[in-house]
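Containing PDB, N, CA and C atoms: coords.pdb.
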ATOM      1  N   MET F1034      50.490-186.905  41.907  1.00  0.00           N
ATOM      2  CA  MET F1034      51.688-187.039  41.123  1.00  0.00           C
ATOM      3  C   MET F1034      51.985-188.534  40.974  1.00  0.00           C
ATOM      4  N   ILE F1035      52.408-188.936  39.808  1.00  0.00           N
ATOM      5  CA  ILE F1035      52.787-190.327  39.564  1.00  0.00           C
ATOM      6  C   ILE F1035      54.264-190.356  39.222  1.00  0.00           C
ATOM      7  N   ILE F1036      55.014-191.205  39.931  1.00  0.00           N
ATOM      8  CA  ILE F1036      56.439-191.352  39.651  1.00  0.00           C
ATOM      9  C   ILE F1036      56.710-192.787  39.257  1.00  0.00           C
ATOM     10  N   ASN F1037      57.757-192.989  38.505  1.00  0.00           N
ATOM     11  CA  ASN F1037      58.131-194.324  38.052  1.00  0.00           C
ATOM     12  C   ASN F1037      59.281-194.820  38.911  1.00  0.00           C
ATOM     13  N   ARG F1038      59.022-195.812  39.745  1.00  0.00           N
ATOM     14  CA  ARG F1038      60.037-196.349  40.635  1.00  0.00           C
ATOM     15  C   ARG F1038      60.231-197.825  40.299  1.00  0.00           C
ATOM     16  N   ASP F1039      61.430-198.178  39.894  1.00  0.00           N
ATOM     17  CA  ASP F1039      61.744-199.562  39.535  1.00  0.00           C
ATOM     18  C   ASP F1039      60.744-200.123  38.530  1.00  0.00           C
ATOM     19  N   LYS F1040      60.436-199.324  37.515  1.00  0.00           N
ATOM     20  CA  LYS F1040      59.540-199.695  36.428  1.00  0.00           C
ATOM     21  C   LYS F1040      58.108-199.938  36.897  1.00  0.00           C
ATOM     22  N   LYS F1041      57.758-199.439  38.095  1.00  0.00           N
ATOM     23  CA  LYS F1041      56.381-199.482  38.583  1.00  0.00           C
ATOM     24  C   LYS F1041      55.924-198.043  38.745  1.00  0.00           C
ATOM     25  N   GLU F1042      54.683-197.789  38.417  1.00  0.00           N
ATOM     26  CA  GLU F1042      54.141-196.457  38.646  1.00  0.00           C
ATOM     27  C   GLU F1042      53.663-196.368  40.076  1.00  0.00           C
ATOM     28  N   VAL F1043      54.104-195.337  40.773  1.00  0.00           N
ATOM     29  CA  VAL F1043      53.727-195.114  42.160  1.00  0.00           C
ATOM     30  C   VAL F1043      53.007-193.782  42.246  1.00  0.00           C
ATOM     31  N   ARG F1044      51.820-193.799  42.805  1.00  0.00           N
ATOM     32  CA  ARG F1044      51.046-192.567  43.000  1.00  0.00           C
ATOM     33  C   ARG F1044      51.509-191.916  44.292  1.00  0.00           C
ATOM     34  N   MET F1045      51.963-190.679  44.202  1.00  0.00           N
ATOM     35  CA  MET F1045      52.476-189.951  45.357  1.00  0.00           C
ATOM     36  C   MET F1045      51.407-188.981  45.849  1.00  0.00           C
ATOM     37  N   ILE F1046      51.066-189.078  47.141  1.00  0.00           N
ATOM     38  CA  ILE F1046      50.059-188.206  47.737  1.00  0.00           C
ATOM     39  C   ILE F1046      50.700-187.462  48.902  1.00  0.00           C
ATOM     40  N   GLN F1047      50.478-186.166  48.959  1.00  0.00           N
ATOM     41  CA  GLN F1047      50.904-185.378  50.113  1.00  0.00           C
ATOM     42  C   GLN F1047      49.654-185.028  50.903  1.00  0.00           C
ATOM     43  N   PHE F1048      49.658-185.404  52.188  1.00  0.00           N
ATOM     44  CA  PHE F1048      48.505-185.169  53.052  1.00  0.00           C
ATOM     45  C   PHE F1048      48.897-184.179  54.130  1.00  0.00           C
ATOM     46  N   GLU F1049      48.180-183.049  54.187  1.00  0.00           N
ATOM     47  CA  GLU F1049      48.466-182.042  55.200  1.00  0.00           C
ATOM     48  C   GLU F1049      47.651-182.353  56.454  1.00  0.00           C
ATOM     49  N   LEU F1050      48.342-182.682  57.516  1.00  0.00           N
ATOM     50  CA  LEU F1050      47.719-183.035  58.779  1.00  0.00           C
ATOM     51  C   LEU F1050      47.270-181.768  59.499  1.00  0.00           C
ATOM     52  N   LYS F1051      46.020-181.736  59.901  1.00  0.00           N
ATOM     53  CA  LYS F1051      45.461-180.556  60.575  1.00  0.00           C
ATOM     54  C   LYS F1051      45.509-180.695  62.094  1.00  0.00           C
ATOM     55  N   ASP F1052      45.549-181.924  62.588  1.00  0.00           N
ATOM     56  CA  ASP F1052      45.580-182.194  64.025  1.00  0.00           C
ATOM     57  C   ASP F1052      46.937-182.769  64.409  1.00  0.00           C
ATOM     58  N   GLU F1053      47.062-183.189  65.656  1.00  0.00           N
ATOM     59  CA  GLU F1053      48.316-183.776  66.139  1.00  0.00           C
ATOM     60  C   GLU F1053      48.631-185.094  65.436  1.00  0.00           C
ATOM     61  N   TYR F1054      47.588-185.878  65.149  1.00  0.00           N
ATOM     62  CA  TYR F1054      47.759-187.177  64.481  1.00  0.00           C
ATOM     63  C   TYR F1054      46.450-187.595  63.831  1.00  0.00           C
ATOM     64  N   ILE F1055      46.523-188.634  62.993  1.00  0.00           N
ATOM     65  CA  ILE F1055      45.342-189.289  62.434  1.00  0.00           C
ATOM     66  C   ILE F1055      45.605-190.781  62.506  1.00  0.00           C
ATOM     67  N   GLU F1056      44.572-191.550  62.832  1.00  0.00           N
ATOM     68  CA  GLU F1056      44.734-192.997  62.886  1.00  0.00           C
ATOM     69  C   GLU F1056      44.909-193.532  61.466  1.00  0.00           C
ATOM     70  N   LEU F1057      45.738-194.548  61.335  1.00  0.00           N
ATOM     71  CA  LEU F1057      46.123-195.068  60.023  1.00  0.00           C
ATOM     72  C   LEU F1057      44.928-195.448  59.163  1.00  0.00           C
ATOM     73  N   PHE F1058      44.004-196.229  59.701  1.00  0.00           N
ATOM     74  CA  PHE F1058      42.887-196.667  58.863  1.00  0.00           C
ATOM     75  C   PHE F1058      42.022-195.486  58.423  1.00  0.00           C
ATOM     76  N   LYS F1059      41.928-194.459  59.267  1.00  0.00           N
ATOM     77  CA  LYS F1059      41.152-193.269  58.909  1.00  0.00           C
ATOM     78  C   LYS F1059      41.823-192.490  57.782  1.00  0.00           C
ATOM     79  N   LEU F1060      43.144-192.424  57.807  1.00  0.00           N
ATOM     80  CA  LEU F1060      43.879-191.747  56.732  1.00  0.00           C
ATOM     81  C   LEU F1060      43.637-192.436  55.398  1.00  0.00           C
ATOM     82  N   ILE F1061      43.714-193.754  55.400  1.00  0.00           N
ATOM     83  CA  ILE F1061      43.483-194.520  54.163  1.00  0.00           C
ATOM     84  C   ILE F1061      42.076-194.248  53.631  1.00  0.00           C
ATOM     85  N   LYS F1062      41.110-194.177  54.526  1.00  0.00           N
ATOM     86  CA  LYS F1062      39.717-193.912  54.133  1.00  0.00           C
ATOM     87  C   LYS F1062      39.553-192.471  53.651  1.00  0.00           C
ATOM     88  N   VAL F1063      40.109-191.508  54.380  1.00  0.00           N
ATOM     89  CA  VAL F1063      39.993-190.084  54.010  1.00  0.00           C
ATOM     90  C   VAL F1063      40.564-189.822  52.621  1.00  0.00           C
ATOM     91  N   LEU F1064      41.609-190.531  52.264  1.00  0.00           N
ATOM     92  CA  LEU F1064      42.245-190.343  50.961  1.00  0.00           C
ATOM     93  C   LEU F1064      41.528-191.103  49.847  1.00  0.00           C
ATOM     94  N   ASP F1065      40.410-191.736  50.172  1.00  0.00           N
ATOM     95  CA  ASP F1065      39.606-192.489  49.197  1.00  0.00           C
ATOM     96  C   ASP F1065      40.379-193.609  48.514  1.00  0.00           C
ATOM     97  N   LEU F1066      41.285-194.235  49.264  1.00  0.00           N
ATOM     98  CA  LEU F1066      41.999-195.377  48.704  1.00  0.00           C
ATOM     99  C   LEU F1066      41.149-196.632  48.787  1.00  0.00           C
ATOM    100  N   VAL F1067      40.113-196.599  49.628  1.00  0.00           N
ATOM    101  CA  VAL F1067      39.147-197.690  49.782  1.00  0.00           C
ATOM    102  C   VAL F1067      37.756-197.081  49.916  1.00  0.00           C
ATOM    103  N   ASP F1068      36.742-197.938  49.846  1.00  0.00           N
ATOM    104  CA  ASP F1068      35.368-197.454  49.958  1.00  0.00           C
ATOM    105  C   ASP F1068      34.875-197.389  51.400  1.00  0.00           C
ATOM    106  N   THR F1069      35.370-198.278  52.252  1.00  0.00           N
ATOM    107  CA  THR F1069      34.872-198.340  53.624  1.00  0.00           C
ATOM    108  C   THR F1069      36.012-198.404  54.631  1.00  0.00           C
ATOM    109  N   GLY F1070      35.697-198.050  55.871  1.00  0.00           N
ATOM    110  CA  GLY F1070      36.674-198.171  56.945  1.00  0.00           C
ATOM    111  C   GLY F1070      37.082-199.609  57.177  1.00  0.00           C
ATOM    112  N   ALA F1071      36.135-200.543  56.989  1.00  0.00           N
ATOM    113  CA  ALA F1071      36.437-201.968  57.158  1.00  0.00           C
ATOM    114  C   ALA F1071      37.493-202.420  56.147  1.00  0.00           C
ATOM    115  N   GLN F1072      37.400-201.931  54.922  1.00  0.00           N
ATOM    116  CA  GLN F1072      38.402-202.273  53.907  1.00  0.00           C
ATOM    117  C   GLN F1072      39.761-201.709  54.294  1.00  0.00           C
ATOM    118  N   ALA F1073      39.779-200.490  54.833  1.00  0.00           N
ATOM    119  CA  ALA F1073      41.040-199.885  55.263  1.00  0.00           C
ATOM    120  C   ALA F1073      41.676-200.718  56.368  1.00  0.00           C
ATOM    121  N   LYS F1074      40.870-201.168  57.327  1.00  0.00           N
ATOM    122  CA  LYS F1074      41.382-201.999  58.418  1.00  0.00           C
ATOM    123  C   LYS F1074      41.952-203.315  57.891  1.00  0.00           C
ATOM    124  N   MET F1075      41.292-203.905  56.889  1.00  0.00           N
ATOM    125  CA  MET F1075      41.785-205.161  56.310  1.00  0.00           C
ATOM    126  C   MET F1075      43.121-204.975  55.610  1.00  0.00           C
ATOM    127  N   ILE F1076      43.273-203.887  54.882  1.00  0.00           N
ATOM    128  CA  ILE F1076      44.533-203.615  54.185  1.00  0.00           C
ATOM    129  C   ILE F1076      45.681-203.542  55.183  1.00  0.00           C
ATOM    130  N   VAL F1077      45.431-202.871  56.310  1.00  0.00           N
ATOM    131  CA  VAL F1077      46.466-202.736  57.327  1.00  0.00           C
ATOM    132  C   VAL F1077      46.752-204.081  57.983  1.00  0.00           C
ATOM    133  N   SER F1078      45.714-204.774  58.443  1.00  0.00           N
ATOM    134  CA  SER F1078      45.920-206.031  59.169  1.00  0.00           C
ATOM    135  C   SER F1078      46.499-207.131  58.280  1.00  0.00           C
ATOM    136  N   ASP F1079      46.274-207.038  56.979  1.00  0.00           N
ATOM    137  CA  ASP F1079      46.833-208.025  56.046  1.00  0.00           C
ATOM    138  C   ASP F1079      48.279-207.716  55.658  1.00  0.00           C
ATOM    139  N   GLY F1080      48.836-206.621  56.185  1.00  0.00           N
ATOM    140  CA  GLY F1080      50.253-206.330  55.981  1.00  0.00           C
ATOM    141  C   GLY F1080      50.609-205.568  54.728  1.00  0.00           C
ATOM    142  N   TYR F1081      49.652-204.835  54.170  1.00  0.00           N
ATOM    143  CA  TYR F1081      49.908-204.108  52.927  1.00  0.00           C
ATOM    144  C   TYR F1081      50.402-202.682  53.138  1.00  0.00           C
ATOM    145  N   VAL F1082      50.679-202.286  54.393  1.00  0.00           N
ATOM    146  CA  VAL F1082      51.092-200.912  54.661  1.00  0.00           C
ATOM    147  C   VAL F1082      52.469-200.893  55.328  1.00  0.00           C
ATOM    148  N   GLU F1083      53.339-200.025  54.811  1.00  0.00           N
ATOM    149  CA  GLU F1083      54.638-199.770  55.443  1.00  0.00           C
ATOM    150  C   GLU F1083      54.628-198.331  55.939  1.00  0.00           C
ATOM    151  N   ARG F1084      55.179-198.137  57.129  1.00  0.00           N
ATOM    152  CA  ARG F1084      55.306-196.805  57.716  1.00  0.00           C
ATOM    153  C   ARG F1084      56.777-196.561  57.979  1.00  0.00           C
ATOM    154  N   ASN F1085      57.317-195.560  57.325  1.00  0.00           N
ATOM    155  CA  ASN F1085      58.736-195.212  57.463  1.00  0.00           C
ATOM    156  C   ASN F1085      59.632-196.441  57.240  1.00  0.00           C
ATOM    157  N   GLY F1086      59.285-197.250  56.245  1.00  0.00           N
ATOM    158  CA  GLY F1086      60.096-198.402  55.863  1.00  0.00           C
ATOM    159  C   GLY F1086      59.847-199.668  56.662  1.00  0.00           C
ATOM    160  N   GLU F1087      58.948-199.626  57.641  1.00  0.00           N
ATOM    161  CA  GLU F1087      58.640-200.795  58.475  1.00  0.00           C
ATOM    162  C   GLU F1087      57.181-201.195  58.267  1.00  0.00           C
ATOM    163  N   LYS F1088      56.913-202.504  58.240  1.00  0.00           N
ATOM    164  CA  LYS F1088      55.543-202.973  58.109  1.00  0.00           C
ATOM    165  C   LYS F1088      54.730-202.492  59.311  1.00  0.00           C
ATOM    166  N   GLU F1089      53.550-201.941  59.038  1.00  0.00           N
ATOM    167  CA  GLU F1089      52.676-201.424  60.102  1.00  0.00           C
ATOM    168  C   GLU F1089      51.387-202.231  60.115  1.00  0.00           C
ATOM    169  N   LEU F1090      51.129-202.927  61.215  1.00  0.00           N
ATOM    170  CA  LEU F1090      49.943-203.777  61.333  1.00  0.00           C
ATOM    171  C   LEU F1090      48.898-203.205  62.280  1.00  0.00           C
ATOM    172  N   ARG F1091      49.208-202.088  62.910  1.00  0.00           N
ATOM    173  CA  ARG F1091      48.261-201.484  63.854  1.00  0.00           C
ATOM    174  C   ARG F1091      47.297-200.563  63.106  1.00  0.00           C
ATOM    175  N   LYS F1092      46.028-200.939  63.100  1.00  0.00           N
ATOM    176  CA  LYS F1092      45.018-200.173  62.368  1.00  0.00           C
ATOM    177  C   LYS F1092      44.875-198.760  62.912  1.00  0.00           C
ATOM    178  N   ARG F1093      45.055-198.612  64.208  1.00  0.00           N
ATOM    179  CA  ARG F1093      44.874-197.309  64.847  1.00  0.00           C
ATOM    180  C   ARG F1093      46.210-196.620  65.162  1.00  0.00           C
ATOM    181  N   ALA F1094      47.262-197.007  64.454  1.00  0.00           N
ATOM    182  CA  ALA F1094      48.560-196.360  64.651  1.00  0.00           C
ATOM    183  C   ALA F1094      48.391-194.862  64.430  1.00  0.00           C
ATOM    184  N   LYS F1095      49.014-194.071  65.291  1.00  0.00           N
ATOM    185  CA  LYS F1095      48.904-192.620  65.207  1.00  0.00           C
ATOM    186  C   LYS F1095      49.908-192.090  64.180  1.00  0.00           C
ATOM    187  N   ILE F1096      49.399-191.651  63.067  1.00  0.00           N
ATOM    188  CA  ILE F1096      50.228-191.126  61.989  1.00  0.00           C
ATOM    189  C   ILE F1096      50.451-189.634  62.251  1.00  0.00           C
ATOM    190  N   ILE F1097      51.716-189.230  62.250  1.00  0.00           N
ATOM    191  CA  ILE F1097      52.078-187.854  62.572  1.00  0.00           C
ATOM    192  C   ILE F1097      52.824-187.202  61.410  1.00  0.00           C
ATOM    193  N   LYS F1098      53.014-185.883  61.522  1.00  0.00           N
ATOM    194  CA  LYS F1098      53.766-185.160  60.492  1.00  0.00           C
ATOM    195  C   LYS F1098      55.145-185.780  60.338  1.00  0.00           C
ATOM    196  N   GLY F1099      55.582-185.917  59.085  1.00  0.00           N
ATOM    197  CA  GLY F1099      56.889-186.482  58.797  1.00  0.00           C
ATOM    198  C   GLY F1099      56.845-187.961  58.454  1.00  0.00           C
ATOM    199  N   ASP F1100      55.729-188.631  58.759  1.00  0.00           N
ATOM    200  CA  ASP F1100      55.613-190.052  58.414  1.00  0.00           C
ATOM    201  C   ASP F1100      55.483-190.214  56.904  1.00  0.00           C
ATOM    202  N   ARG F1101      56.043-191.327  56.423  1.00  0.00           N
ATOM    203  CA  ARG F1101      55.907-191.708  55.011  1.00  0.00           C
ATOM    204  C   ARG F1101      55.313-193.104  54.991  1.00  0.00           C
ATOM    205  N   LEU F1102      54.266-193.270  54.195  1.00  0.00           N
ATOM    206  CA  LEU F1102      53.555-194.538  54.125  1.00  0.00           C
ATOM    207  C   LEU F1102      53.589-195.078  52.710  1.00  0.00           C
ATOM    208  N   LEU F1103      53.643-196.382  52.608  1.00  0.00           N
ATOM    209  CA  LEU F1103      53.503-197.059  51.327  1.00  0.00           C
ATOM    210  C   LEU F1103      52.331-198.015  51.475  1.00  0.00           C
ATOM    211  N   VAL F1104      51.305-197.820  50.661  1.00  0.00           N
ATOM    212  CA  VAL F1104      50.123-198.670  50.701  1.00  0.00           C
ATOM    213  C   VAL F1104      50.147-199.544  49.463  1.00  0.00           C
ATOM    214  N   GLY F1105      50.174-200.857  49.698  1.00  0.00           N
ATOM    215  CA  GLY F1105      50.379-201.771  48.585  1.00  0.00           C
ATOM    216  C   GLY F1105      51.767-201.515  48.039  1.00  0.00           C
ATOM    217  N   ASP F1106      51.894-201.541  46.753  1.00  0.00           N
ATOM    218  CA  ASP F1106      53.186-201.180  46.159  1.00  0.00           C
ATOM    219  C   ASP F1106      53.029-200.045  45.163  1.00  0.00           C
ATOM    220  N   ASP F1107      51.859-199.364  45.258  1.00  0.00           N
ATOM    221  CA  ASP F1107      51.612-198.348  44.236  1.00  0.00           C
ATOM    222  C   ASP F1107      51.143-196.988  44.760  1.00  0.00           C
ATOM    223  N   VAL F1108      51.003-196.827  46.079  1.00  0.00           N
ATOM    224  CA  VAL F1108      50.597-195.520  46.627  1.00  0.00           C
ATOM    225  C   VAL F1108      51.532-195.135  47.757  1.00  0.00           C
ATOM    226  N   GLU F1109      52.197-194.003  47.607  1.00  0.00           N
ATOM    227  CA  GLU F1109      53.080-193.493  48.645  1.00  0.00           C
ATOM    228  C   GLU F1109      52.467-192.210  49.196  1.00  0.00           C
ATOM    229  N   ILE F1110      52.424-192.107  50.530  1.00  0.00           N
ATOM    230  CA  ILE F1110      51.817-190.950  51.196  1.00  0.00           C
ATOM    231  C   ILE F1110      52.862-190.269  52.046  1.00  0.00           C
ATOM    232  N   GLU F1111      52.984-188.967  51.857  1.00  0.00           N
ATOM    233  CA  GLU F1111      53.864-188.149  52.702  1.00  0.00           C
ATOM    234  C   GLU F1111      52.966-187.278  53.552  1.00  0.00           C
ATOM    235  N   VAL F1112      53.141-187.356  54.873  1.00  0.00           N
ATOM    236  CA  VAL F1112      52.310-186.587  55.799  1.00  0.00           C
ATOM    237  C   VAL F1112      53.033-185.293  56.148  1.00  0.00           C
ATOM    238  N   LEU F1113      52.376-184.185  55.834  1.00  0.00           N
ATOM    239  CA  LEU F1113      52.958-182.867  56.064  1.00  0.00           C
ATOM    240  C   LEU F1113      52.327-182.201  57.266  1.00  0.00           C
TER     241      LEU F1113
END
The structure in this file should be written as C-alpha cells.
Amino acid sequence: MIINRDKKEVRMIQFELKDEYIELFKLIKVLDLVDTGAQAKMIVSDGYVERNGEKELRKRAKIIKGDRLLVGDDVEIEVL
C-alpha cells in the first residue's frame, strides 16, 4: 500500500511475525528492501531506521509484534 504523507509517498508494509522476534537487519533483508544483509546492516548503522519514533542503530535489535519501523523516509513497516 502506498500512502501520501506530507506530500511524500510512503510505502506501507505489514509483516506478520511468525516467531517471538526477528533481528532488525534480517527483517530489512527478508522484505527485499536491500540486496544483501551487509546493505541492511549499513542502513541501520548509518541511522536510516526509526523504531517506534526513535532512531534505532542496533543492527540486531529484536523486533517484536506491535513495533512500527520507518526505513529511510519512504518505507513504513508495521509488525503484526
Nearest-residue call for Ile1096 in chain F, choices F:Glu1049, F:Glu1056, F:Asp1079, F:Asp1065, using only N, CA and C atoms = F:Glu1056
Selection result for the PyMOL selection byres ((chain F and resi 1111) around 6) on this file, as a VMD selection string | chain F and resid 1046 to 1048 1100 to 1102 1109 to 1110 1112 to 1113
If you keep N, CA and C atoms, can you produce a file of those selected residues as a CSV table (one decimal), in the coordinates of the input?
chain,number,residue,atom,x,y,z
F,1046,ILE,N,51.1,-189.1,47.1
F,1046,ILE,CA,50.1,-188.2,47.7
F,1046,ILE,C,50.7,-187.5,48.9
F,1047,GLN,N,50.5,-186.2,49.0
F,1047,GLN,CA,50.9,-185.4,50.1
F,1047,GLN,C,49.7,-185.0,50.9
F,1048,PHE,N,49.7,-185.4,52.2
F,1048,PHE,CA,48.5,-185.2,53.1
F,1048,PHE,C,48.9,-184.2,54.1
F,1100,ASP,N,55.7,-188.6,58.8
F,1100,ASP,CA,55.6,-190.1,58.4
F,1100,ASP,C,55.5,-190.2,56.9
F,1101,ARG,N,56.0,-191.3,56.4
F,1101,ARG,CA,55.9,-191.7,55.0
F,1101,ARG,C,55.3,-193.1,55.0
F,1102,LEU,N,54.3,-193.3,54.2
F,1102,LEU,CA,53.6,-194.5,54.1
F,1102,LEU,C,53.6,-195.1,52.7
F,1109,GLU,N,52.2,-194.0,47.6
F,1109,GLU,CA,53.1,-193.5,48.6
F,1109,GLU,C,52.5,-192.2,49.2
F,1110,ILE,N,52.4,-192.1,50.5
F,1110,ILE,CA,51.8,-191.0,51.2
F,1110,ILE,C,52.9,-190.3,52.0
F,1112,VAL,N,53.1,-187.4,54.9
F,1112,VAL,CA,52.3,-186.6,55.8
F,1112,VAL,C,53.0,-185.3,56.1
F,1113,LEU,N,52.4,-184.2,55.8
F,1113,LEU,CA,53.0,-182.9,56.1
F,1113,LEU,C,52.3,-182.2,57.3
Excluding range 1089-1092 of chain F and residues on its chain fewer than 6 positions from it, collect all residues at most 9 Å away from it, counting only C-alpha atoms, and give them as an MDAnalysis selection string.
-> chainID F and resid 1056:1059 1073:1083
Work out how far CA of Met1045 in chain F is from CA of Asp1068 in chain F, in Å to one decimal.
-> 19.2 Å
note - atom N of Ile1055 in chain F and atom N of Lys1041 in chain F are separated by 29.4 Å
Picked residues, the PyMOL selection byres ((chain F and resi 1053) around 6.5), as a list in words |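 What the PyMOL selection byres ((chain F and resi 1053) around 6.5) grabs from the file is Leu1050, Lys1051, Asp1052, Tyr1054, Ile1055, Ile1096, Ile1097 and Lys1098 of chain F.
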Could you pull out the alpha helix (DSSP H) residues of chain F from DSSP and send them as a ChimeraX atom specification?
-> /F:1057-1063,1070-1078
Length of the atom N of Glu1042 in chain F to atom N of Asp1107 in chain F vector [Å] =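 That distance, rounded to one decimal, is 7.6 Å.
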